[in-house]
Each structure stands twice: as structure tokens, then as C-alpha cells.
>>> print(open('structure-v5.pdb').read())   # PDB, C-alpha atoms, pLDDT in the B column
ATOM      1  CA  MET V   1     116.524 106.265  95.422  1.00 62.00           C
ATOM      2  CA  GLY V   2     118.538 104.523  92.770  1.00 80.00           C
ATOM      3  CA  TYR V   3     117.452 103.361  89.368  1.00 86.00           C
ATOM      4  CA  PHE V   4     116.991  99.766  90.475  1.00 84.00           C
ATOM      5  CA  THR V   5     114.946 100.823  93.482  1.00 85.00           C
ATOM      6  CA  ASN V   6     112.696 102.921  91.255  1.00 88.00           C
ATOM      7  CA  ALA V   7     112.327 100.055  88.784  1.00 91.00           C
ATOM      8  CA  GLY V   8     111.581  97.620  91.608  1.00 89.00           C
ATOM      9  CA  SER V   9     109.053 100.029  93.066  1.00 91.00           C
ATOM     10  CA  LEU V  10     107.331 100.298  89.690  1.00 94.00           C
ATOM     11  CA  VAL V  11     107.126  96.518  89.302  1.00 95.00           C
ATOM     12  CA  VAL V  12     105.899  95.992  92.879  1.00 94.00           C
ATOM     13  CA  SER V  13     103.308  98.775  92.585  1.00 95.00           C
ATOM     14  CA  THR V  14     102.052  97.421  89.270  1.00 96.00           C
ATOM     15  CA  LEU V  15     101.670  93.850  90.503  1.00 96.00           C
ATOM     16  CA  PHE V  16     100.092  94.758  93.824  1.00 97.00           C
ATOM     17  CA  GLY V  17      97.917  97.364  92.085  1.00 96.00           C
ATOM     18  CA  ILE V  18      96.484  94.766  89.713  1.00 96.00           C
ATOM     19  CA  VAL V  19      95.677  92.366  92.550  1.00 95.00           C
ATOM     20  CA  LEU V  20      94.157  95.140  94.643  1.00 97.00           C
ATOM     21  CA  PHE V  21      92.129  96.391  91.670  1.00 96.00           C
ATOM     22  CA  VAL V  22      90.654  92.925  91.122  1.00 95.00           C
ATOM     23  CA  LEU V  23      89.695  92.646  94.790  1.00 95.00           C
ATOM     24  CA  VAL V  24      88.213  96.157  94.964  1.00 96.00           C
ATOM     25  CA  LEU V  25      86.218  95.492  91.792  1.00 95.00           C
ATOM     26  CA  ARG V  26      84.984  92.242  93.287  1.00 93.00           C
ATOM     27  CA  VAL V  27      83.703  94.129  96.347  1.00 93.00           C
ATOM     28  CA  LEU V  28      82.090  96.855  94.228  1.00 94.00           C
ATOM     29  CA  LEU V  29      80.425  94.453  91.791  1.00 92.00           C
ATOM     30  CA  GLN V  30      78.952  92.415  94.610  1.00 90.00           C
ATOM     31  CA  ALA V  31      77.749  95.620  96.305  1.00 91.00           C
ATOM     32  CA  ILE V  32      75.822  96.690  93.190  1.00 92.00           C
ATOM     33  CA  ARG V  33      74.592  93.141  92.575  1.00 90.00           C
ATOM     34  CA  ALA V  34      76.104  93.087  89.098  1.00 90.00           C
ATOM     35  CA  ASN V  35      74.835  90.580  86.569  1.00 90.00           C
ATOM     36  CA  PHE V  36      76.847  87.415  87.114  1.00 87.00           C
ATOM     37  CA  TYR V  37      76.492  86.477  83.454  1.00 91.00           C
ATOM     38  CA  ASN V  38      78.308  89.617  82.321  1.00 92.00           C
ATOM     39  CA  PRO V  39      81.565  88.414  80.706  1.00 94.00           C
ATOM     40  CA  ILE V  40      83.631  90.887  82.745  1.00 93.00           C
ATOM     41  CA  CYS V  41      82.111  89.571  85.987  1.00 93.00           C
ATOM     42  CA  GLN V  42      82.734  86.003  84.858  1.00 94.00           C
ATOM     43  CA  ALA V  43      86.402  86.745  84.155  1.00 94.00           C
ATOM     44  CA  LEU V  44      86.792  88.592  87.454  1.00 93.00           C
ATOM     45  CA  TYR V  45      85.251  85.715  89.394  1.00 91.00           C
ATOM     46  CA  LYS V  46      87.461  83.151  87.653  1.00 93.00           C
ATOM     47  CA  ILE V  47      90.560  85.168  88.498  1.00 93.00           C
ATOM     48  CA  SER V  48      89.692  85.871  92.132  1.00 91.00           C
ATOM     49  CA  ASN V  49      87.778  82.765  93.239  1.00 90.00           C
ATOM     50  CA  PRO V  50      90.805  80.513  93.920  1.00 91.00           C
ATOM     51  CA  ILE V  51      92.177  82.840  96.596  1.00 89.00           C
ATOM     52  CA  LEU V  52      88.881  84.352  97.711  1.00 89.00           C
ATOM     53  CA  MET V  53      86.681  81.295  98.258  1.00 88.00           C
ATOM     54  CA  PRO V  54      88.567  79.978 101.336  1.00 89.00           C
ATOM     55  CA  VAL V  55      88.428  83.427 102.913  1.00 89.00           C
ATOM     56  CA  GLN V  56      84.721  83.812 102.114  1.00 84.00           C
ATOM     57  CA  LYS V  57      83.976  80.556 103.919  1.00 85.00           C
ATOM     58  CA  LEU V  58      85.435  82.080 107.082  1.00 87.00           C
ATOM     59  CA  LEU V  59      83.980  85.570 106.561  1.00 85.00           C
ATOM     60  CA  PRO V  60      80.572  85.547 104.880  1.00 83.00           C
ATOM     61  CA  ALA V  61      79.148  88.616 103.175  1.00 81.00           C
ATOM     62  CA  TRP V  62      77.574  91.204 105.444  1.00 84.00           C
ATOM     63  CA  ARG V  63      74.750  93.411 104.085  1.00 84.00           C
ATOM     64  CA  GLY V  64      75.870  92.810 100.517  1.00 79.00           C
ATOM     65  CA  ILE V  65      79.499  93.650 101.280  1.00 86.00           C
ATOM     66  CA  ASN V  66      82.072  90.993 100.520  1.00 88.00           C
ATOM     67  CA  THR V  67      83.974  91.059 103.817  1.00 91.00           C
ATOM     68  CA  GLY V  68      86.363  88.317 102.702  1.00 90.00           C
ATOM     69  CA  ALA V  69      87.455  90.328  99.682  1.00 92.00           C
ATOM     70  CA  LEU V  70      87.809  93.446 101.841  1.00 94.00           C
ATOM     71  CA  LEU V  71      90.001  91.642 104.349  1.00 94.00           C
ATOM     72  CA  LEU V  72      92.106  90.140 101.570  1.00 95.00           C
ATOM     73  CA  ALA V  73      92.411  93.591  99.935  1.00 96.00           C
ATOM     74  CA  TRP V  74      93.638  95.011 103.253  1.00 97.00           C
ATOM     75  CA  VAL V  75      96.231  92.222 103.521  1.00 96.00           C
ATOM     76  CA  VAL V  76      97.386  92.946  99.952  1.00 97.00           C
ATOM     77  CA  ALA V  77      97.655  96.667 100.782  1.00 97.00           C
ATOM     78  CA  ILE V  78      99.697  95.849 103.906  1.00 97.00           C
ATOM     79  CA  LEU V  79     102.022  93.625 101.879  1.00 96.00           C
ATOM     80  CA  TRP V  80     102.309  96.395  99.276  1.00 96.00           C
ATOM     81  CA  VAL V  81     103.399  98.885 101.952  1.00 95.00           C
ATOM     82  CA  ALA V  82     105.834  96.355 103.424  1.00 94.00           C
ATOM     83  CA  ALA V  83     107.332  95.607  99.990  1.00 94.00           C
ATOM     84  CA  LEU V  84     107.819  99.300  99.236  1.00 92.00           C
ATOM     85  CA  ALA V  85     109.407  99.847 102.648  1.00 92.00           C
ATOM     86  CA  ALA V  86     111.750  96.909 102.075  1.00 91.00           C
ATOM     87  CA  LEU V  87     112.725  98.282  98.660  1.00 90.00           C
ATOM     88  CA  ALA V  88     113.491 101.640 100.246  1.00 87.00           C
ATOM     89  CA  GLY V  89     115.751  99.881 102.735  1.00 84.00           C
ATOM     90  CA  GLY V  90     113.663 100.667 105.789  1.00 82.00           C
ATOM     91  CA  SER V  91     111.611  98.672 108.206  1.00 83.00           C
ATOM     92  CA  ILE V  92     108.371  99.687 109.847  1.00 89.00           C
ATOM     93  CA  SER V  93     106.468  98.341 112.821  1.00 92.00           C
ATOM     94  CA  LEU V  94     103.488  96.039 112.476  1.00 93.00           C
ATOM     95  CA  LEU V  95     101.089  98.691 113.780  1.00 96.00           C
ATOM     96  CA  ALA V  96     102.412 101.198 111.255  1.00 95.00           C
ATOM     97  CA  MET V  97     101.986  98.626 108.468  1.00 95.00           C
ATOM     98  CA  LEU V  98      98.377  97.999 109.522  1.00 96.00           C
ATOM     99  CA  VAL V  99      97.540 101.707 109.562  1.00 97.00           C
ATOM    100  CA  LEU V 100      99.432 102.492 106.358  1.00 96.00           C
ATOM    101  CA  GLY V 101      97.863  99.460 104.678  1.00 97.00           C
ATOM    102  CA  PHE V 102      94.399 100.702 105.641  1.00 97.00           C
ATOM    103  CA  ALA V 103      95.215 104.190 104.352  1.00 97.00           C
ATOM    104  CA  HIS V 104      96.595 102.712 101.145  1.00 96.00           C
ATOM    105  CA  LEU V 105      93.476 100.578 100.641  1.00 97.00           C
ATOM    106  CA  LEU V 106      91.142 103.498 101.343  1.00 98.00           C
ATOM    107  CA  GLY V 107      93.076 105.773  99.001  1.00 97.00           C
ATOM    108  CA  PHE V 108      93.094 103.096  96.294  1.00 97.00           C
ATOM    109  CA  PHE V 109      89.351 102.588  96.714  1.00 97.00           C
ATOM    110  CA  LEU V 110      88.618 106.316  96.481  1.00 97.00           C
ATOM    111  CA  GLN V 111      90.884 106.658  93.435  1.00 97.00           C
ATOM    112  CA  THR V 112      89.132 103.700  91.778  1.00 97.00           C
ATOM    113  CA  MET V 113      85.737 105.268  92.463  1.00 97.00           C
ATOM    114  CA  PHE V 114      86.980 108.592  91.072  1.00 98.00           C
ATOM    115  CA  TRP V 115      88.163 107.077  87.783  1.00 97.00           C
ATOM    116  CA  ILE V 116      85.123 104.812  87.373  1.00 97.00           C
ATOM    117  CA  THR V 117      82.807 107.783  87.952  1.00 96.00           C
ATOM    118  CA  LEU V 118      84.748 109.967  85.518  1.00 96.00           C
ATOM    119  CA  ILE V 119      84.801 107.269  82.820  1.00 94.00           C
ATOM    120  CA  SER V 120      81.099 106.577  83.326  1.00 92.00           C
ATOM    121  CA  VAL V 121      80.255 110.266  82.930  1.00 90.00           C
ATOM    122  CA  LEU V 122      82.395 110.559  79.814  1.00 90.00           C
ATOM    123  CA  LEU V 123      80.787 107.455  78.342  1.00 87.00           C
ATOM    124  CA  SER V 124      77.346 108.925  78.952  1.00 83.00           C
ATOM    125  CA  TRP V 125      78.265 111.850  76.687  1.00 82.00           C
ATOM    126  CA  PHE V 126      79.195 109.602  73.786  1.00 79.00           C
ATOM    127  CA  SER V 127      76.413 106.991  74.046  1.00 70.00           C
ATOM    128  CA  PRO V 128      78.485 103.838  73.590  1.00 66.00           C
ATOM    129  CA  SER V 129      76.936 100.648  72.345  1.00 65.00           C
ATOM    130  CA  GLY V 130      74.558  99.130  74.873  1.00 64.00           C
ATOM    131  CA  SER V 131      75.978  95.713  74.066  1.00 76.00           C
ATOM    132  CA  ASN V 132      79.348  96.629  75.584  1.00 83.00           C
ATOM    133  CA  PRO V 133      79.525  94.660  78.866  1.00 88.00           C
ATOM    134  CA  ALA V 134      81.565  97.344  80.647  1.00 88.00           C
ATOM    135  CA  VAL V 135      78.971 100.116  80.325  1.00 88.00           C
ATOM    136  CA  PRO V 136      76.354  98.777  82.796  1.00 90.00           C
ATOM    137  CA  LEU V 137      79.060  97.815  85.276  1.00 92.00           C
ATOM    138  CA  LEU V 138      80.702 101.238  85.196  1.00 92.00           C
ATOM    139  CA  SER V 139      77.407 103.097  85.491  1.00 91.00           C
ATOM    140  CA  GLY V 140      76.266 100.804  88.304  1.00 93.00           C
ATOM    141  CA  ILE V 141      79.445 101.413  90.287  1.00 95.00           C
ATOM    142  CA  ALA V 142      79.328 105.162  89.600  1.00 95.00           C
ATOM    143  CA  ASP V 143      75.721 105.240  90.832  1.00 94.00           C
ATOM    144  CA  ILE V 144      76.985 104.330  94.312  1.00 94.00           C
ATOM    145  CA  VAL V 145      78.272 107.894  94.529  1.00 94.00           C
ATOM    146  CA  LEU V 146      75.956 109.660  92.078  1.00 93.00           C
ATOM    147  CA  LYS V 147      72.492 108.492  93.226  1.00 94.00           C
ATOM    148  CA  PRO V 148      72.591 110.132  96.667  1.00 93.00           C
ATOM    149  CA  LEU V 149      73.891 113.369  95.127  1.00 93.00           C
ATOM    150  CA  ARG V 150      71.203 113.387  92.425  1.00 90.00           C
ATOM    151  CA  LYS V 151      68.588 113.427  95.186  1.00 90.00           C
ATOM    152  CA  LEU V 152      70.238 116.490  96.747  1.00 91.00           C
ATOM    153  CA  ILE V 153      71.247 118.419  93.622  1.00 87.00           C
ATOM    154  CA  PRO V 154      68.496 118.926  91.057  1.00 82.00           C
ATOM    155  CA  PRO V 155      69.492 119.189  87.385  1.00 80.00           C
ATOM    156  CA  LEU V 156      69.984 122.779  86.279  1.00 82.00           C
ATOM    157  CA  GLY V 157      68.700 123.465  82.787  1.00 80.00           C
ATOM    158  CA  GLY V 158      69.013 119.796  81.854  1.00 77.00           C
ATOM    159  CA  PHE V 159      72.584 119.542  83.136  1.00 84.00           C
ATOM    160  CA  ASP V 160      73.371 117.010  85.841  1.00 85.00           C
ATOM    161  CA  LEU V 161      75.935 118.604  88.142  1.00 89.00           C
ATOM    162  CA  SER V 162      76.120 115.667  90.542  1.00 92.00           C
ATOM    163  CA  PRO V 163      79.249 114.183  88.859  1.00 93.00           C
ATOM    164  CA  VAL V 164      81.155 117.421  89.498  1.00 94.00           C
ATOM    165  CA  PHE V 165      80.327 117.277  93.204  1.00 95.00           C
ATOM    166  CA  ALA V 166      80.962 113.521  93.337  1.00 96.00           C
ATOM    167  CA  LEU V 167      84.422 113.869  91.829  1.00 97.00           C
ATOM    168  CA  LEU V 168      85.193 116.822  94.092  1.00 97.00           C
ATOM    169  CA  GLY V 169      83.956 114.871  97.130  1.00 96.00           C
ATOM    170  CA  LEU V 170      86.103 111.861  96.261  1.00 97.00           C
ATOM    171  CA  ARG V 171      89.208 114.043  95.910  1.00 97.00           C
ATOM    172  CA  LEU V 172      88.426 115.885  99.157  1.00 97.00           C
ATOM    173  CA  ALA V 173      87.954 112.558 100.964  1.00 97.00           C
ATOM    174  CA  THR V 174      91.360 111.476  99.711  1.00 97.00           C
ATOM    175  CA  ILE V 175      92.965 114.661 101.004  1.00 97.00           C
ATOM    176  CA  LEU V 176      91.067 115.046 104.280  1.00 97.00           C
ATOM    177  CA  ILE V 177      90.727 111.392 105.337  1.00 97.00           C
ATOM    178  CA  VAL V 178      93.489 109.363 103.694  1.00 97.00           C
ATOM    179  CA  GLY V 179      96.126 112.064 104.193  1.00 96.00           C
ATOM    180  CA  PRO V 180      95.817 112.249 107.992  1.00 97.00           C
ATOM    181  CA  ILE V 181      95.624 108.438 108.322  1.00 97.00           C
ATOM    182  CA  THR V 182      98.775 108.110 106.226  1.00 96.00           C
ATOM    183  CA  GLN V 183     100.509 110.765 108.305  1.00 96.00           C
ATOM    184  CA  PHE V 184      99.488 108.961 111.512  1.00 96.00           C
ATOM    185  CA  GLY V 185     100.782 105.666 110.132  1.00 94.00           C
ATOM    186  CA  ALA V 186     104.061 107.288 109.118  1.00 92.00           C
ATOM    187  CA  SER V 187     104.462 108.686 112.643  1.00 93.00           C
ATOM    188  CA  LEU V 188     104.087 105.152 114.008  1.00 90.00           C
ATOM    189  CA  ALA V 189     106.873 103.891 111.757  1.00 77.00           C
TER     190      ALA V 189
END
>>> encode(input="structure-v5.pdb", output="C-alpha cells")
Amino acid sequence: MGYFTNAGSLVVSTLFGIVLFVLVLRVLLQAIRANFYNPICQALYKISNPILMPVQKLLPAWRGINTGALLLAWVVAILWVAALAALAGGSISLLAMLVLGFAHLLGFFLQTMFWITLISVLLSWFSPSGSNPAVPLLSGIADIVLKPLRKLIPPLGGFDLSPVFALLGLRLATILIVGPITQFGASLA
């Protein structure tokens, strides 16, 4: 790859990553029933509502999961894969783009959960101000992964080991699930 291709790839990945991050956060915040009056939620809704509301009219939420945002996130991931393939000078089939887009979305989601869980655990060590609007959102999202593990793994001597297993599980899921899906999608290209 040349310098311009690398620079283009960086710009494309940054732009698509921001859009995908907003959509994934929108799904996660709706799943945890985050406080709508939280300023971060308000900003996120203002950013995503113009493109998300028409899709949500066609695909209503199902069991607290924002299916419209998930579908839109998948489309963004597919476009991301297509843009990177175009920058590399190659073309891939539609089926390969669908599979690679799904793998990309799943990997992005798992990576987002990993970092949110890690940041939430680190914040719990330092006891940040309770008035910070990000703290309840981060801990609520991290609890998606941590609550089931806390039921299985009792604290040992006052230490909660569930974050260690959660972070390990998220990394293993990336390797053992996203990796094979990506490899299958690449074989279709």
C-alpha cells in the first residue's frame, strides 16, 4: 500500500468508526434503559435521530433492542468494508461484503464492550465524581457483561474477579467467533 492509500484508509476508518460508534452506543444505551435526561444520551440522540428515526419507523424495537440502529450499523459496517476494498484497489462480491460487514460490526461491538468494561473497572478504583454523566452510563453498559459473571464467580477476599473473566471472554469471542467469520467472508471475496 502506498502513502495515499494508508492516509485514505485512516480517514475512512476514522469517519466510519465514529458513525458506527454512535450507532452501537445508541443500541447499548437503549438496551440498558439509560436515563434519557443524561446529557450524553441527549447529545447522542440529537446526532443519530435524523438518520435513525425513518429506519425505526420501519423496524420497531424488539425486546428492548433497537433493531433499526442495528440494521443501520450493519449497513455502515458493509460500506466501511466496501470503502476499504475500493481503496485497496480490489472488488468483492455482495455476499462477501455482507459477511465481512457482519464480522466487522460484531468485532467492533465486542471491542467497544471490552473498552467500556475496562474503563468502567478503572473508574471504580478511583471513585470519580458521581455527578459525571458518563459514569452511570459506562457502569450500566459494563454490567451487561459483568452481572451474569458476578452470579457465577463469587468475590474472593473482597476482590471482584468478574472483570478479568469478562475481558478475557470478550477477547476470546473476538478471536474464536469474529476471526472465523472474517476468514469465511474473505474466502467468498
>>> resolve_selection(input="structure-v5.pdb", expression="the PyMOL selection byres ((chain V and resi 187) around 12)", output="count of residues only")
16
>>> residues_around(input="structure-v5.pdb", residues="Ser162 of chain V", least_positions_apart="6", cutoff="7 Å", atoms="only C-alpha atoms", output="MDAnalysis selection string")
chainID V and resid 146 149:150 153
>>> residues_around(input="structure-v5.pdb", residues="Ser9 of chain V", least_positions_apart="4", cutoff="8 Å", atoms="all atoms listed in the file", output="number ranges by chain")
V: 5, 13, 84, 87
>>> write_last_selection(input="structure-v5.pdb", atoms="C-alpha atoms", output="PDB file, in the frame of the given file")
ATOM      1  CA  THR V   5     114.946 100.823  93.482  1.00 85.00           C
ATOM      2  CA  SER V  13     103.308  98.775  92.585  1.00 95.00           C
ATOM      3  CA  LEU V  84     107.819  99.300  99.236  1.00 92.00           C
ATOM      4  CA  LEU V  87     112.725  98.282  98.660  1.00 90.00           C
TER       5      LEU V  87
END
>>> closest_residue(input="structure-v5.pdb", among="V:Ala7, V:Ile40, V:Val22, V:Ala103", to="Val135 of chain V", atoms="all atoms listed in the file")
V:Ile40
>>> closest_residue(input="structure-v5.pdb", among="V:Val19, V:Ala43, V:Leu118, V:Ala34", to="Trp74 of chain V", atoms="all atoms listed in the file")
V:Val19
>>> decode(input="structure-v5.pdb", residues="segment 81-119 of chain V", atoms="N, CA and C atoms", output="JSON list (two decimals), in the first residue's frame")
[["chain", "number", "residue", "atom", "x", "y", "z"],
["V", 81, "VAL", "N", -16.38, -1.72, 4.86],
["V", 81, "VAL", "CA", -15.62, -2.78, 4.20],
["V", 81, "VAL", "C", -15.48, -2.48, 2.71],
["V", 82, "ALA", "N", -16.57, -2.03, 2.08],
["V", 82, "ALA", "CA", -16.53, -1.72, 0.65],
["V", 82, "ALA", "C", -15.56, -0.56, 0.37],
["V", 83, "ALA", "N", -15.57, 0.46, 1.23],
["V", 83, "ALA", "CA", -14.67, 1.60, 1.04],
["V", 83, "ALA", "C", -13.22, 1.18, 1.19],
["V", 84, "LEU", "N", -12.93, 0.34, 2.17],
["V", 84, "LEU", "CA", -11.55, -0.13, 2.34],
["V", 84, "LEU", "C", -11.10, -1.00, 1.17],
["V", 85, "ALA", "N", -12.03, -1.82, 0.65],
["V", 85, "ALA", "CA", -11.69, -2.65, -0.50],
["V", 85, "ALA", "C", -11.44, -1.79, -1.73],
["V", 86, "ALA", "N", -12.25, -0.74, -1.89],
["V", 86, "ALA", "CA", -12.06, 0.15, -3.04],
["V", 86, "ALA", "C", -10.73, 0.89, -2.93],
["V", 87, "LEU", "N", -10.36, 1.30, -1.71],
["V", 87, "LEU", "CA", -9.08, 1.98, -1.52],
["V", 87, "LEU", "C", -7.91, 1.05, -1.83],
["V", 88, "ALA", "N", -8.08, -0.22, -1.53],
["V", 88, "ALA", "CA", -7.02, -1.19, -1.79],
["V", 88, "ALA", "C", -6.95, -1.58, -3.26],
["V", 89, "GLY", "N", -7.95, -1.13, -4.03],
["V", 89, "GLY", "CA", -7.94, -1.41, -5.46],
["V", 89, "GLY", "C", -8.59, -2.73, -5.82],
["V", 90, "GLY", "N", -9.30, -3.33, -4.90],
["V", 90, "GLY", "CA", -9.95, -4.60, -5.18],
["V", 90, "GLY", "C", -11.45, -4.45, -5.17],
["V", 91, "SER", "N", -12.11, -5.47, -5.61],
["V", 91, "SER", "CA", -13.57, -5.51, -5.55],
["V", 91, "SER", "C", -13.96, -6.85, -4.93],
["V", 92, "ILE", "N", -15.03, -6.83, -4.18],
["V", 92, "ILE", "CA", -15.50, -8.05, -3.54],
["V", 92, "ILE", "C", -16.98, -8.23, -3.85],
["V", 93, "SER", "N", -17.43, -9.46, -3.78],
["V", 93, "SER", "CA", -18.83, -9.77, -4.10],
["V", 93, "SER", "C", -19.75, -9.24, -3.01],
["V", 94, "LEU", "N", -21.02, -9.15, -3.35],
["V", 94, "LEU", "CA", -22.02, -8.65, -2.40],
["V", 94, "LEU", "C", -22.12, -9.57, -1.19],
["V", 95, "LEU", "N", -22.11, -10.88, -1.42],
["V", 95, "LEU", "CA", -22.20, -11.83, -0.31],
["V", 95, "LEU", "C", -21.00, -11.68, 0.63],
["V", 96, "ALA", "N", -19.82, -11.51, 0.05],
["V", 96, "ALA", "CA", -18.62, -11.31, 0.87],
["V", 96, "ALA", "C", -18.72, -10.02, 1.67],
["V", 97, "MET", "N", -19.26, -8.96, 1.04],
["V", 97, "MET", "CA", -19.43, -7.70, 1.77],
["V", 97, "MET", "C", -20.41, -7.85, 2.93],
["V", 98, "LEU", "N", -21.48, -8.60, 2.73],
["V", 98, "LEU", "CA", -22.45, -8.82, 3.80],
["V", 98, "LEU", "C", -21.83, -9.57, 4.97],
["V", 99, "VAL", "N", -21.08, -10.62, 4.66],
["V", 99, "VAL", "CA", -20.44, -11.42, 5.72],
["V", 99, "VAL", "C", -19.34, -10.62, 6.40],
["V", 100, "LEU", "N", -18.50, -9.97, 5.62],
["V", 100, "LEU", "CA", -17.41, -9.18, 6.21],
["V", 100, "LEU", "C", -17.96, -7.99, 6.99],
["V", 101, "GLY", "N", -19.05, -7.40, 6.52],
["V", 101, "GLY", "CA", -19.69, -6.32, 7.26],
["V", 101, "GLY", "C", -20.22, -6.79, 8.60],
["V", 102, "PHE", "N", -20.83, -7.98, 8.61],
["V", 102, "PHE", "CA", -21.31, -8.55, 9.87],
["V", 102, "PHE", "C", -20.15, -8.83, 10.82],
["V", 103, "ALA", "N", -19.08, -9.41, 10.29],
["V", 103, "ALA", "CA", -17.90, -9.69, 11.12],
["V", 103, "ALA", "C", -17.31, -8.40, 11.66],
["V", 104, "HIS", "N", -17.26, -7.38, 10.81],
["V", 104, "HIS", "CA", -16.71, -6.09, 11.23],
["V", 104, "HIS", "C", -17.57, -5.47, 12.33],
["V", 105, "LEU", "N", -18.89, -5.53, 12.17],
["V", 105, "LEU", "CA", -19.80, -4.99, 13.18],
["V", 105, "LEU", "C", -19.68, -5.76, 14.48],
["V", 106, "LEU", "N", -19.64, -7.08, 14.42],
["V", 106, "LEU", "CA", -19.51, -7.88, 15.63],
["V", 106, "LEU", "C", -18.18, -7.62, 16.33],
["V", 107, "GLY", "N", -17.10, -7.55, 15.57],
["V", 107, "GLY", "CA", -15.80, -7.23, 16.15],
["V", 107, "GLY", "C", -15.77, -5.84, 16.77],
["V", 108, "PHE", "N", -16.39, -4.87, 16.10],
["V", 108, "PHE", "CA", -16.45, -3.51, 16.63],
["V", 108, "PHE", "C", -17.26, -3.48, 17.92],
["V", 109, "PHE", "N", -18.37, -4.21, 17.94],
["V", 109, "PHE", "CA", -19.20, -4.27, 19.14],
["V", 109, "PHE", "C", -18.44, -4.90, 20.31],
["V", 110, "LEU", "N", -17.76, -6.00, 20.06],
["V", 110, "LEU", "CA", -17.00, -6.66, 21.13],
["V", 110, "LEU", "C", -15.86, -5.78, 21.61],
["V", 111, "GLN", "N", -15.20, -5.08, 20.71],
["V", 111, "GLN", "CA", -14.12, -4.17, 21.09],
["V", 111, "GLN", "C", -14.67, -3.01, 21.91],
["V", 112, "THR", "N", -15.83, -2.50, 21.53],
["V", 112, "THR", "CA", -16.46, -1.41, 22.30],
["V", 112, "THR", "C", -16.81, -1.89, 23.69],
["V", 113, "MET", "N", -17.37, -3.10, 23.79],
["V", 113, "MET", "CA", -17.71, -3.64, 25.12],
["V", 113, "MET", "C", -16.45, -3.85, 25.96],
["V", 114, "PHE", "N", -15.37, -4.30, 25.32],
["V", 114, "PHE", "CA", -14.11, -4.51, 26.04],
["V", 114, "PHE", "C", -13.63, -3.20, 26.64],
["V", 115, "TRP", "N", -13.56, -2.14, 25.84],
["V", 115, "TRP", "CA", -13.03, -0.86, 26.32],
["V", 115, "TRP", "C", -13.96, -0.21, 27.34],
["V", 116, "ILE", "N", -15.27, -0.32, 27.14],
["V", 116, "ILE", "CA", -16.20, 0.26, 28.11],
["V", 116, "ILE", "C", -16.08, -0.47, 29.44],
["V", 117, "THR", "N", -15.96, -1.79, 29.40],
["V", 117, "THR", "CA", -15.80, -2.57, 30.64],
["V", 117, "THR", "C", -14.50, -2.21, 31.33],
["V", 118, "LEU", "N", -13.42, -2.13, 30.58],
["V", 118, "LEU", "CA", -12.12, -1.78, 31.17],
["V", 118, "LEU", "C", -12.15, -0.38, 31.78],
["V", 119, "ILE", "N", -12.70, 0.59, 31.08],
["V", 119, "ILE", "CA", -12.77, 1.95, 31.61],
["V", 119, "ILE", "C", -13.66, 2.01, 32.84]]
